[in-house]
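Participant: For reference, the file upload-v8.cif (mmCIF, C-alpha atoms) is included below:
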data_query
loop_
_atom_site.label_atom_id
_atom_site.label_comp_id
_atom_site.auth_asym_id
_atom_site.auth_seq_id
_atom_site.Cartn_x
_atom_site.Cartn_y
_atom_site.Cartn_z
CA MET Z 1 -9.84 19.41 16.32
CA MET Z 2 -11.19 17.64 13.25
CA ARG Z 3 -9.22 14.55 12.28
CA SER Z 4 -9.62 11.57 9.99
CA VAL Z 5 -9.85 8.52 12.26
CA ILE Z 6 -9.31 4.91 11.17
CA THR Z 7 -12.35 2.91 12.29
CA GLY Z 8 -11.81 -0.36 10.44
CA SER Z 9 -9.50 -2.29 8.14
CA GLY Z 10 -9.72 -5.25 5.81
CA SER Z 11 -7.63 -7.15 3.28
CA ALA Z 12 -7.96 -9.71 0.52
CA LEU Z 13 -5.62 -12.13 -1.23
CA PRO Z 14 -6.09 -14.30 -4.34
CA ARG Z 15 -6.80 -18.00 -3.90
CA THR Z 16 -3.52 -19.20 -5.43
CA VAL Z 17 -0.17 -19.26 -3.63
CA LEU Z 18 3.00 -19.43 -5.72
CA THR Z 19 6.02 -20.57 -3.71
CA ASN Z 20 9.65 -19.94 -4.58
CA ALA Z 21 10.12 -23.61 -5.34
CA GLU Z 22 7.23 -23.55 -7.81
CA LEU Z 23 8.56 -20.36 -9.37
CA ALA Z 24 11.97 -21.99 -9.79
CA GLU Z 25 10.33 -24.50 -12.12
CA ARG Z 26 9.37 -21.63 -14.45
CA VAL Z 27 12.41 -19.34 -14.38
CA ASP Z 28 16.14 -19.64 -13.65
CA THR Z 29 16.07 -19.02 -9.90
CA SER Z 30 15.96 -20.84 -6.57
CA ASP Z 31 14.34 -20.51 -3.18
CA LYS Z 32 17.73 -19.74 -1.63
CA TRP Z 33 18.52 -17.00 -4.17
CA ILE Z 34 15.16 -15.28 -3.65
CA VAL Z 35 15.14 -15.51 0.15
CA GLU Z 36 18.71 -14.25 0.56
CA ARG Z 37 18.08 -11.17 -1.62
CA THR Z 38 14.49 -10.32 -0.75
CA GLY Z 39 13.19 -12.26 2.25
CA ILE Z 40 10.28 -13.51 0.10
CA HIS Z 41 9.12 -17.13 0.45
CA GLN Z 42 5.84 -16.99 -1.47
CA ARG Z 43 3.33 -14.66 -3.13
CA TYR Z 44 -0.36 -14.76 -4.11
CA ILE Z 45 -1.24 -14.70 -7.82
CA ALA Z 46 -4.66 -13.72 -9.20
CA GLN Z 47 -6.47 -16.16 -11.47
CA ASP Z 48 -8.50 -15.09 -14.51
CA ASP Z 49 -11.66 -14.49 -12.47
CA GLU Z 50 -9.79 -12.40 -9.86
CA THR Z 51 -9.25 -8.73 -10.72
CA THR Z 52 -8.05 -5.57 -9.05
CA SER Z 53 -11.67 -4.56 -8.47
CA SER Z 54 -12.75 -7.95 -7.08
CA LEU Z 55 -9.89 -7.94 -4.59
CA ALA Z 56 -10.65 -4.32 -3.67
CA ILE Z 57 -14.33 -5.11 -3.14
CA ASP Z 58 -13.49 -8.05 -0.86
CA ALA Z 59 -11.07 -5.95 1.22
CA ALA Z 60 -13.53 -3.05 1.40
CA ARG Z 61 -16.36 -5.25 2.65
CA LYS Z 62 -14.14 -6.63 5.42
CA ALA Z 63 -13.08 -3.10 6.41
CA LEU Z 64 -16.70 -1.94 6.52
CA ASP Z 65 -17.61 -4.95 8.65
CA ALA Z 66 -14.74 -4.22 11.05
CA ALA Z 67 -15.87 -0.60 11.33
CA GLY Z 68 -19.52 -1.57 11.81
CA VAL Z 69 -20.47 0.71 8.92
CA ASP Z 70 -22.98 0.13 6.14
CA ALA Z 71 -21.71 0.85 2.63
CA SER Z 72 -24.50 3.40 2.15
CA GLU Z 73 -22.77 5.57 4.77
CA VAL Z 74 -19.60 5.89 2.64
CA ASP Z 75 -19.49 9.05 0.51
CA LEU Z 76 -15.87 8.87 -0.71
CA ILE Z 77 -13.77 6.07 -2.23
CA VAL Z 78 -10.13 6.66 -3.13
CA LEU Z 79 -8.50 3.61 -4.70
CA ALA Z 80 -4.75 3.44 -5.25
CA THR Z 81 -3.64 1.15 -8.06
CA ALA Z 82 -1.16 0.86 -10.91
CA THR Z 83 -3.11 -2.07 -12.39
CA PRO Z 84 -6.70 -0.86 -12.93
CA ASP Z 85 -9.29 -3.14 -14.48
CA GLN Z 86 -9.50 -0.83 -17.51
CA THR Z 87 -7.84 2.33 -18.79
CA PHE Z 88 -11.12 3.97 -17.79
CA PRO Z 89 -13.48 4.23 -16.00
CA ALA Z 90 -11.77 4.36 -12.63
CA THR Z 91 -11.74 1.04 -10.81
CA ALA Z 92 -13.07 2.92 -7.77
CA THR Z 93 -16.40 3.35 -9.55
CA THR Z 94 -16.66 -0.40 -10.09
CA VAL Z 95 -16.02 -0.91 -6.39
CA GLN Z 96 -18.54 1.80 -5.50
CA HIS Z 97 -21.28 0.18 -7.56
CA ALA Z 98 -20.58 -3.32 -6.21
CA LEU Z 99 -20.77 -2.05 -2.63
CA GLY Z 100 -23.99 -0.14 -3.30
CA CYS Z 101 -22.81 3.31 -2.25
CA ASN Z 102 -23.42 5.13 -5.53
CA GLY Z 103 -23.71 8.91 -5.66
CA GLY Z 104 -20.68 9.89 -3.65
CA ILE Z 105 -17.11 10.58 -4.81
CA ALA Z 106 -15.03 7.76 -6.31
CA PHE Z 107 -11.73 7.91 -8.15
CA ASP Z 108 -8.36 6.21 -8.59
CA VAL Z 109 -4.92 7.46 -7.57
CA ALA Z 110 -1.78 6.34 -9.43
CA ALA Z 111 1.50 6.60 -7.52
CA VAL Z 112 2.58 2.94 -7.77
CA CYS Z 113 3.93 1.58 -4.46
CA SER Z 114 3.35 4.94 -2.74
CA GLY Z 115 -0.21 5.02 -4.04
CA PHE Z 116 -1.84 4.12 -0.75
CA LEU Z 117 -0.06 6.99 1.04
CA TYR Z 118 -1.18 9.39 -1.69
CA ALA Z 119 -4.75 8.06 -1.46
CA LEU Z 120 -4.74 8.32 2.33
CA ALA Z 121 -3.52 11.93 2.23
CA THR Z 122 -6.11 12.84 -0.43
CA ALA Z 123 -8.99 11.31 1.53
CA ASP Z 124 -7.76 12.93 4.76
CA SER Z 125 -7.76 16.37 3.13
CA MET Z 126 -11.24 15.89 1.66
CA LEU Z 127 -12.66 14.70 4.97
CA ARG Z 128 -11.15 17.53 7.01
CA THR Z 129 -12.42 20.17 4.56
CA GLY Z 130 -15.97 18.82 4.65
CA MET Z 131 -16.23 17.34 1.16
CA ALA Z 132 -17.11 13.97 2.70
CA ARG Z 133 -17.78 12.44 6.10
CA ARG Z 134 -16.69 8.83 5.69
CA ALA Z 135 -14.22 7.30 3.24
CA LEU Z 136 -12.91 4.00 2.01
CA VAL Z 137 -9.21 4.20 1.18
CA ILE Z 138 -8.11 1.15 -0.78
CA GLY Z 139 -4.85 -0.15 -2.23
CA ALA Z 140 -5.39 -2.96 -4.74
CA GLU Z 141 -3.14 -4.55 -7.35
CA THR Z 142 -2.85 -7.44 -9.77
CA PHE Z 143 0.84 -6.84 -10.49
CA SER Z 144 1.24 -10.36 -11.85
CA ARG Z 145 -0.47 -9.08 -15.01
CA ILE Z 146 2.39 -6.67 -15.82
CA LEU Z 147 5.35 -8.90 -14.94
CA ASP Z 148 7.80 -10.32 -17.44
CA TRP Z 149 7.81 -13.92 -16.28
CA GLU Z 150 11.12 -14.53 -18.07
CA ASP Z 151 12.91 -11.81 -16.08
CA ARG Z 152 14.03 -13.50 -12.88
CA THR Z 153 15.20 -10.20 -11.34
CA THR Z 154 11.65 -8.80 -11.20
CA CYS Z 155 9.05 -11.57 -11.48
CA VAL Z 156 10.13 -13.09 -8.15
CA LEU Z 157 9.45 -9.84 -6.27
CA PHE Z 158 5.75 -9.16 -6.73
CA GLY Z 159 2.35 -10.51 -5.81
CA ASP Z 160 -1.33 -9.56 -5.90
CA GLY Z 161 -3.70 -8.39 -3.17
CA ALA Z 162 -5.74 -5.58 -1.67
CA GLY Z 163 -6.13 -3.72 1.60
CA ALA Z 164 -8.67 -1.14 2.74
CA LEU Z 165 -9.28 1.32 5.58
CA VAL Z 166 -12.44 3.09 6.66
CA LEU Z 167 -11.81 6.72 7.62
CA GLU Z 168 -14.29 8.91 9.46
CA VAL Z 169 -13.90 12.59 10.30
CA GLN Z 170 -14.28 13.17 14.04
CA ASP Z 171 -13.86 16.03 16.49
CA VAL Z 172 -11.13 14.76 18.83
CA ALA Z 173 -8.82 16.06 21.54
CA GLY Z 174 -5.23 16.98 20.72
CA ASP Z 175 -3.97 13.66 22.09
CA GLY Z 176 -6.83 11.74 20.50
CA PRO Z 177 -6.92 9.42 17.49
CA GLY Z 178 -6.54 10.26 13.83
CA ILE Z 179 -4.04 11.11 11.13
CA LEU Z 180 -1.49 13.44 12.74
CA SER Z 181 0.88 14.29 9.89
CA THR Z 182 1.60 13.25 6.32
CA ARG Z 183 4.40 14.18 3.93
CA LEU Z 184 4.55 13.23 0.24
CA HIS Z 185 7.30 13.66 -2.36
CA ALA Z 186 8.06 12.87 -6.00
CA ASP Z 187 11.10 13.12 -8.28
CA GLY Z 188 10.53 12.33 -11.94
CA ALA Z 189 14.25 12.42 -12.71
CA HIS Z 190 14.47 8.73 -11.79
CA THR Z 191 11.66 7.33 -13.93
CA ASP Z 192 14.04 5.04 -15.82
CA LEU Z 193 14.93 3.13 -12.65
CA LEU Z 194 11.45 1.67 -12.13
CA TYR Z 195 8.75 1.78 -14.80
CA VAL Z 196 6.47 -0.16 -17.15
CA ASP Z 197 7.49 -0.16 -20.82
CA GLY Z 198 4.00 0.36 -22.20
CA GLY Z 199 0.97 2.60 -22.04
CA PRO Z 200 -2.08 3.83 -23.99
CA SER Z 201 -0.48 6.99 -25.36
CA THR Z 202 2.90 5.48 -26.31
CA THR Z 203 2.76 1.82 -27.25
CA GLN Z 204 -0.98 1.11 -26.94
CA THR Z 205 0.00 -1.95 -24.91
CA VAL Z 206 0.07 -2.71 -21.20
CA GLY Z 207 3.82 -3.41 -21.15
CA HIS Z 208 5.99 -5.04 -18.50
CA LEU Z 209 7.63 -3.84 -15.32
CA ARG Z 210 11.33 -2.92 -15.59
CA MET Z 211 13.58 -2.13 -12.64
CA LYS Z 212 17.20 -1.40 -11.77
CA GLY Z 213 17.07 -2.90 -8.32
CA ARG Z 214 20.37 -1.75 -6.88
CA GLU Z 215 19.72 1.92 -7.67
CA VAL Z 216 16.14 1.73 -6.36
CA PHE Z 217 17.42 0.22 -3.09
CA ARG Z 218 19.86 3.09 -2.57
CA HIS Z 219 17.26 5.80 -3.17
CA ALA Z 220 14.65 4.01 -1.05
CA VAL Z 221 16.72 3.84 2.12
CA VAL Z 222 17.71 7.52 1.95
CA ASN Z 223 14.30 8.89 0.91
CA LEU Z 224 12.30 6.85 3.42
CA ALA Z 225 14.52 7.78 6.36
CA GLU Z 226 14.25 11.46 5.44
CA VAL Z 227 10.47 11.52 5.05
CA LEU Z 228 9.98 9.61 8.30
CA GLY Z 229 12.06 12.26 10.02
CA GLU Z 230 9.96 15.03 8.44
CA VAL Z 231 6.71 13.51 9.69
CA LEU Z 232 8.04 12.94 13.20
CA ASP Z 233 9.34 16.53 13.42
CA ASP Z 234 6.04 17.91 12.17
CA ALA Z 235 4.00 15.90 14.67
CA GLY Z 236 6.37 16.53 17.57
CA PHE Z 237 7.44 12.95 18.17
CA THR Z 238 10.67 10.95 18.00
CA ALA Z 239 11.30 7.48 16.62
CA CYS Z 240 11.22 6.13 20.18
CA ASP Z 241 7.56 7.16 20.49
CA ILE Z 242 6.43 4.97 17.59
CA ASP Z 243 4.64 1.78 18.56
CA TRP Z 244 4.60 0.29 15.05
CA VAL Z 245 6.04 1.02 11.63
CA VAL Z 246 3.92 -0.34 8.78
CA PRO Z 247 6.18 -0.04 5.73
CA HIS Z 248 5.73 -0.77 2.06
CA GLN Z 249 6.73 -4.41 1.73
CA ALA Z 250 9.25 -4.11 -1.09
CA ASN Z 251 12.22 -6.06 0.15
CA ALA Z 252 13.32 -7.30 3.58
CA ARG Z 253 16.73 -5.68 3.13
CA ILE Z 254 15.16 -2.25 2.53
CA LEU Z 255 13.02 -2.68 5.65
CA ASP Z 256 16.04 -3.64 7.74
CA ALA Z 257 18.21 -0.81 6.39
CA THR Z 258 15.53 1.84 6.94
CA ALA Z 259 14.89 0.67 10.51
CA ARG Z 260 18.61 0.77 11.30
CA LYS Z 261 18.98 4.25 9.83
CA LEU Z 262 16.26 5.51 12.19
CA GLY Z 263 17.42 3.45 15.16
CA LEU Z 264 14.15 1.52 15.27
CA PRO Z 265 14.12 -2.00 16.75
CA ALA Z 266 13.13 -4.71 14.28
CA GLU Z 267 10.33 -5.90 16.56
CA LYS Z 268 8.45 -2.62 15.94
CA VAL Z 269 8.24 -3.22 12.19
CA ILE Z 270 5.28 -5.10 10.71
CA ILE Z 271 6.67 -7.46 8.06
CA THR Z 272 4.56 -9.45 5.60
CA VAL Z 273 6.86 -9.42 2.56
CA ASP Z 274 7.83 -13.03 3.29
CA ARG Z 275 4.22 -14.16 2.66
CA HIS Z 276 2.80 -11.52 0.32
CA ALA Z 277 5.89 -10.31 -1.61
CA ASN Z 278 5.63 -6.76 -2.99
CA THR Z 279 1.96 -5.95 -3.66
CA SER Z 280 2.66 -2.32 -4.61
CA ALA Z 281 -0.14 0.02 -3.45
CA ALA Z 282 -1.79 -2.83 -1.54
CA SER Z 283 1.20 -3.65 0.66
CA VAL Z 284 0.78 -1.01 3.39
CA PRO Z 285 -2.93 -1.63 4.10
CA LEU Z 286 -2.38 -5.40 3.78
CA ALA Z 287 0.38 -5.28 6.38
CA PHE Z 288 -1.64 -2.97 8.64
CA ASP Z 289 -4.68 -5.24 8.57
CA THR Z 290 -2.45 -8.23 9.31
CA GLY Z 291 -1.07 -6.46 12.39
CA VAL Z 292 -4.54 -5.45 13.58
CA ARG Z 293 -6.08 -8.90 13.14
CA ASP Z 294 -3.26 -10.78 14.85
CA GLY Z 295 -3.54 -8.44 17.85
CA ARG Z 296 -0.23 -6.60 17.62
CA ILE Z 297 -1.64 -3.22 16.59
CA LYS Z 298 -4.11 -1.92 19.18
CA LYS Z 299 -6.30 1.10 19.86
CA GLY Z 300 -4.19 4.01 21.11
CA ASP Z 301 -1.01 2.90 19.31
CA LEU Z 302 1.10 5.40 17.35
CA VAL Z 303 1.59 3.93 13.88
CA MET Z 304 3.84 5.14 11.04
CA PHE Z 305 3.00 4.26 7.45
CA GLU Z 306 5.73 4.67 4.82
CA ALA Z 307 6.28 3.78 1.18
CA MET Z 308 8.31 4.51 -1.92
CA GLY Z 309 7.56 3.59 -5.52
CA GLY Z 310 8.16 4.30 -9.17
CA GLY Z 311 8.21 7.87 -10.29
CA PHE Z 312 9.95 8.14 -7.87
CA THR Z 313 7.18 8.82 -5.38
CA TRP Z 314 7.47 8.43 -1.62
CA GLY Z 315 5.78 9.46 1.60
CA ALA Z 316 4.90 8.74 5.21
CA SER Z 317 1.96 9.25 7.52
CA LEU Z 318 1.73 9.14 11.31
CA VAL Z 319 -1.55 7.93 12.79
CA ARG Z 320 -2.89 7.53 16.31
CA LEU Z 321 -5.40 4.68 16.48
#
Can you give me the file's structure in the form of structure tokens?

Facilitator:
Amino acid sequence: MMRSVITGSGSALPRTVLTNAELAERVDTSDKWIVERTGIHQRYIAQDDETTSSLAIDAARKALDAAGVDASEVDLIVLATATPDQTFPATATTVQHALGCNGGIAFDVAAVCSGFLYALATADSMLRTGMARRALVIGAETFSRILDWEDRTTCVLFGDGAGALVLEVQDVAGDGPGILSTRLHADGAHTDLLYVDGGPSTTQTVGHLRMKGREVFRHAVVNLAEVLGEVLDDAGFTACDIDWVVPHQANARILDATARKLGLPAEKVIITVDRHANTSAASVPLAFDTGVRDGRIKKGDLVMFEAMGGGFTWGASLVRL
């Protein structure tokens, strides 16, 4: 059967680390307060010369190198971001030009923290239907640019970064590698719980992120557990079969609660939120690349990606490496 197979991954982080102690000098917070509520110890913050596209380009080049693929062989780029370089054109086209793979398909996907799952599903569909043969799927964000740095309930949660995967359509056996099942959802009834209070067609400004954390937490645990169950049922597996869960790195308490709800041991969950904070659409590929490069995630492993973000949007994808 034809499947989209992950052949390489890469990630990129800004040069500057902002610790909780340093953040406490700017806003009314403390390292203890942040760690107890989120599990975050530090985050990476982009400087003026670091953009969503520059981070995406860096991550993409590392993924291509890991896959042993020249950029000219890529005919599809799907970039998930809520913080594009410009309103238009798509940041994916900037990445495409910088890599030197012009002429193929390149576009952005906006689903906030679930963006990478939406981008992965879109690329998978296009590969399996023959619209492309090899894809770069990227999650990249400079969320620091839309934070209200006087709001201690939100500015402590987020960071900047990028992660990328190379996907290639291959004819594989039933028990072979590739994306096995993906499920995506959205519910616009909850927009007011997590949003940015600006935009080109309303305020003509970028705006700042606003969130009602307690309500988001409650929805996240329920929605993520349900969609993980859907994907497992569809693919014919149980939670016990999973080698690794690579979740959106929103909050350590959400990760713990979701794992408990599914009966998953904590040691099967890749966690980077302590170092990277919440990097929105970049968090899943960042965490995946971390697990691959430190040797935990290996060829043949069954890996579950999951995420939930503003909209609300949420989803999960099960992949055999």

Participant: Thr93 in chain Z: which residues within 9 Å, counting only C-alpha atoms, same-chain residues fewer than 6 positions away excluded, as a PyMOL selection string?

Facilitator: chain Z and resi 77+102+105-108

Participant: Hey, what comes out of the PyMOL selection byres ((chain Z and resi 181) around 10) on this file? Could you write it as a JSON list (two decimals) with C-alpha atoms, in the coordinates of the input?

Facilitator:
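File produced: out.json:
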[["chain", "number", "residue", "atom", "x", "y", "z"],
["Z", 121, "ALA", "CA", -3.52, 11.93, 2.23],
["Z", 178, "GLY", "CA", -6.54, 10.26, 13.83],
["Z", 179, "ILE", "CA", -4.04, 11.11, 11.13],
["Z", 180, "LEU", "CA", -1.49, 13.44, 12.74],
["Z", 182, "THR", "CA", 1.60, 13.25, 6.32],
["Z", 183, "ARG", "CA", 4.40, 14.18, 3.93],
["Z", 230, "GLU", "CA", 9.96, 15.03, 8.44],
["Z", 231, "VAL", "CA", 6.71, 13.51, 9.69],
["Z", 232, "LEU", "CA", 8.04, 12.94, 13.20],
["Z", 233, "ASP", "CA", 9.34, 16.53, 13.42],
["Z", 234, "ASP", "CA", 6.04, 17.91, 12.17],
["Z", 235, "ALA", "CA", 4.00, 15.90, 14.67],
["Z", 236, "GLY", "CA", 6.37, 16.53, 17.57],
["Z", 304, "MET", "CA", 3.84, 5.14, 11.04],
["Z", 316, "ALA", "CA", 4.90, 8.74, 5.21],
["Z", 317, "SER", "CA", 1.96, 9.25, 7.52],
["Z", 318, "LEU", "CA", 1.73, 9.14, 11.31],
["Z", 319, "VAL", "CA", -1.55, 7.93, 12.79]]

Participant: What is the CA of Ser54 in chain Z to CA of Lys299 in chain Z distance in Å?

Facilitator: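 Going from CA of Ser54 in chain Z over to CA of Lys299 in chain Z covers 29.1 Å.
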
Participant: Identify the residues within 10 Å of coordinate (-8.4, -3.3, 1.6) (same frame as the file), considering only C-alpha atoms, and give the answer as a PDB file with C-alpha atoms, in the frame of the given file.

Facilitator:
ATOM      1  CA  GLY Z   8     -11.810  -0.360  10.440  1.00  0.00           C
ATOM      2  CA  SER Z   9      -9.500  -2.290   8.140  1.00  0.00           C
ATOM      3  CA  GLY Z  10      -9.720  -5.250   5.810  1.00  0.00           C
ATOM      4  CA  SER Z  11      -7.630  -7.150   3.280  1.00  0.00           C
ATOM      5  CA  ALA Z  12      -7.960  -9.710   0.520  1.00  0.00           C
ATOM      6  CA  LEU Z  13      -5.620 -12.130  -1.230  1.00  0.00           C
ATOM      7  CA  LEU Z  55      -9.890  -7.940  -4.590  1.00  0.00           C
ATOM      8  CA  ALA Z  56     -10.650  -4.320  -3.670  1.00  0.00           C
ATOM      9  CA  ILE Z  57     -14.330  -5.110  -3.140  1.00  0.00           C
ATOM     10  CA  ASP Z  58     -13.490  -8.050  -0.860  1.00  0.00           C
ATOM     11  CA  ALA Z  59     -11.070  -5.950   1.220  1.00  0.00           C
ATOM     12  CA  ALA Z  60     -13.530  -3.050   1.400  1.00  0.00           C
ATOM     13  CA  ARG Z  61     -16.360  -5.250   2.650  1.00  0.00           C
ATOM     14  CA  LYS Z  62     -14.140  -6.630   5.420  1.00  0.00           C
ATOM     15  CA  ALA Z  63     -13.080  -3.100   6.410  1.00  0.00           C
ATOM     16  CA  LEU Z  64     -16.700  -1.940   6.520  1.00  0.00           C
ATOM     17  CA  LEU Z  79      -8.500   3.610  -4.700  1.00  0.00           C
ATOM     18  CA  LEU Z 136     -12.910   4.000   2.010  1.00  0.00           C
ATOM     19  CA  VAL Z 137      -9.210   4.200   1.180  1.00  0.00           C
ATOM     20  CA  ILE Z 138      -8.110   1.150  -0.780  1.00  0.00           C
ATOM     21  CA  GLY Z 139      -4.850  -0.150  -2.230  1.00  0.00           C
ATOM     22  CA  ALA Z 140      -5.390  -2.960  -4.740  1.00  0.00           C
ATOM     23  CA  GLY Z 161      -3.700  -8.390  -3.170  1.00  0.00           C
ATOM     24  CA  ALA Z 162      -5.740  -5.580  -1.670  1.00  0.00           C
ATOM     25  CA  GLY Z 163      -6.130  -3.720   1.600  1.00  0.00           C
ATOM     26  CA  ALA Z 164      -8.670  -1.140   2.740  1.00  0.00           C
ATOM     27  CA  LEU Z 165      -9.280   1.320   5.580  1.00  0.00           C
ATOM     28  CA  VAL Z 166     -12.440   3.090   6.660  1.00  0.00           C
ATOM     29  CA  ALA Z 282      -1.790  -2.830  -1.540  1.00  0.00           C
ATOM     30  CA  SER Z 283       1.200  -3.650   0.660  1.00  0.00           C
ATOM     31  CA  VAL Z 284       0.780  -1.010   3.390  1.00  0.00           C
ATOM     32  CA  PRO Z 285      -2.930  -1.630   4.100  1.00  0.00           C
ATOM     33  CA  LEU Z 286      -2.380  -5.400   3.780  1.00  0.00           C
ATOM     34  CA  PHE Z 288      -1.640  -2.970   8.640  1.00  0.00           C
ATOM     35  CA  ASP Z 289      -4.680  -5.240   8.570  1.00  0.00           C
TER      36      ASP Z 289
END

Participant: Here is a test: counting all atoms listed in the file, which residue of Z:Thr51, Z:Thr191, Z:Ser114, Z:Thr19 is nearest to Asp85 in chain Z?

Facilitator: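 Nearest candidate to Asp85 in chain Z out of Z:Thr51, Z:Thr191, Z:Ser114, Z:Thr19: Z:Thr51.
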
Participant: Could you pull the residues within 9 Å of Arg275 in chain Z, counting all atoms listed in the file, minus those fewer than 5 positions along the same chain, as a VMD selection string?

Facilitator: chain Z and resid 40 to 44

Participant: Quick one: apply the PyMOL selection byres ((chain Z and resi 110) around 12) to the file and drop the selected residues here as an NGL selection string.

Facilitator: :Z and (78-84 or 87 or 90-92 or 107-109 or 111-119 or 122 or 138-141 or 280-281 or 309-313)

Participant: One number please: CA of Phe217 in chain Z to CA of Asp197 in chain Z, in Å, one decimal.

Facilitator: 20.3 Å

Participant: Have a look at CA of His208 in chain Z and CA of Leu120 in chain Z and let me know their distance in Å, one decimal.

Facilitator: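 Going from CA of His208 in chain Z over to CA of Leu120 in chain Z covers 27.0 Å.
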
Participant: Between Z:Val292, Z:Pro14, Z:Thr94, Z:Val303, which is the closest to Val269 in chain Z once you count all atoms listed in the file?

Facilitator: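 Using all atoms listed in the file, Val269 in chain Z sits closest to Z:Val303.
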
Participant: Which polymer residues, whether protein, DNA or RNA, lie within 6 Å of the coordinate (-7.7, -14.2, -8.1) when you count all atoms listed in the file? List them as number ranges by chain, using the chain letters and numbers from the file.

Facilitator: Z: 14-15, 46-47, 49-50

Participant: Could you check the closest approach to Tyr195 in chain Z for each of Z:Arg296, Z:Arg260, Z:Arg134, Z:Arg210 and tell me which residue wins, using only C-alpha atoms?

Facilitator: Z:Arg210

Participant: For Ser4 in chain Z, which residue among Z:Leu76, Z:Ala123, Z:Val246, Z:Ile45 is the nearest when counting only C-alpha atoms?

Facilitator: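 Counting only C-alpha atoms, the residue closest to Ser4 in chain Z is Z:Ala123.
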
Participant: I need the residue set behind the PyMOL selection byres ((chain Z and resi 20) around 9) for this file; please write it as a PyMOL selection string.

Facilitator: chain Z and resi 18-19+21-25+29-32+34-35+40-43+156

Participant: I need the residue nearest Leu147 in chain Z from this list: Z:Gly207, Z:Leu99, Z:Leu127, Z:His185. Use only C-alpha atoms for the distance.

Facilitator: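 Nearest candidate to Leu147 in chain Z out of Z:Gly207, Z:Leu99, Z:Leu127, Z:His185: Z:Gly207.
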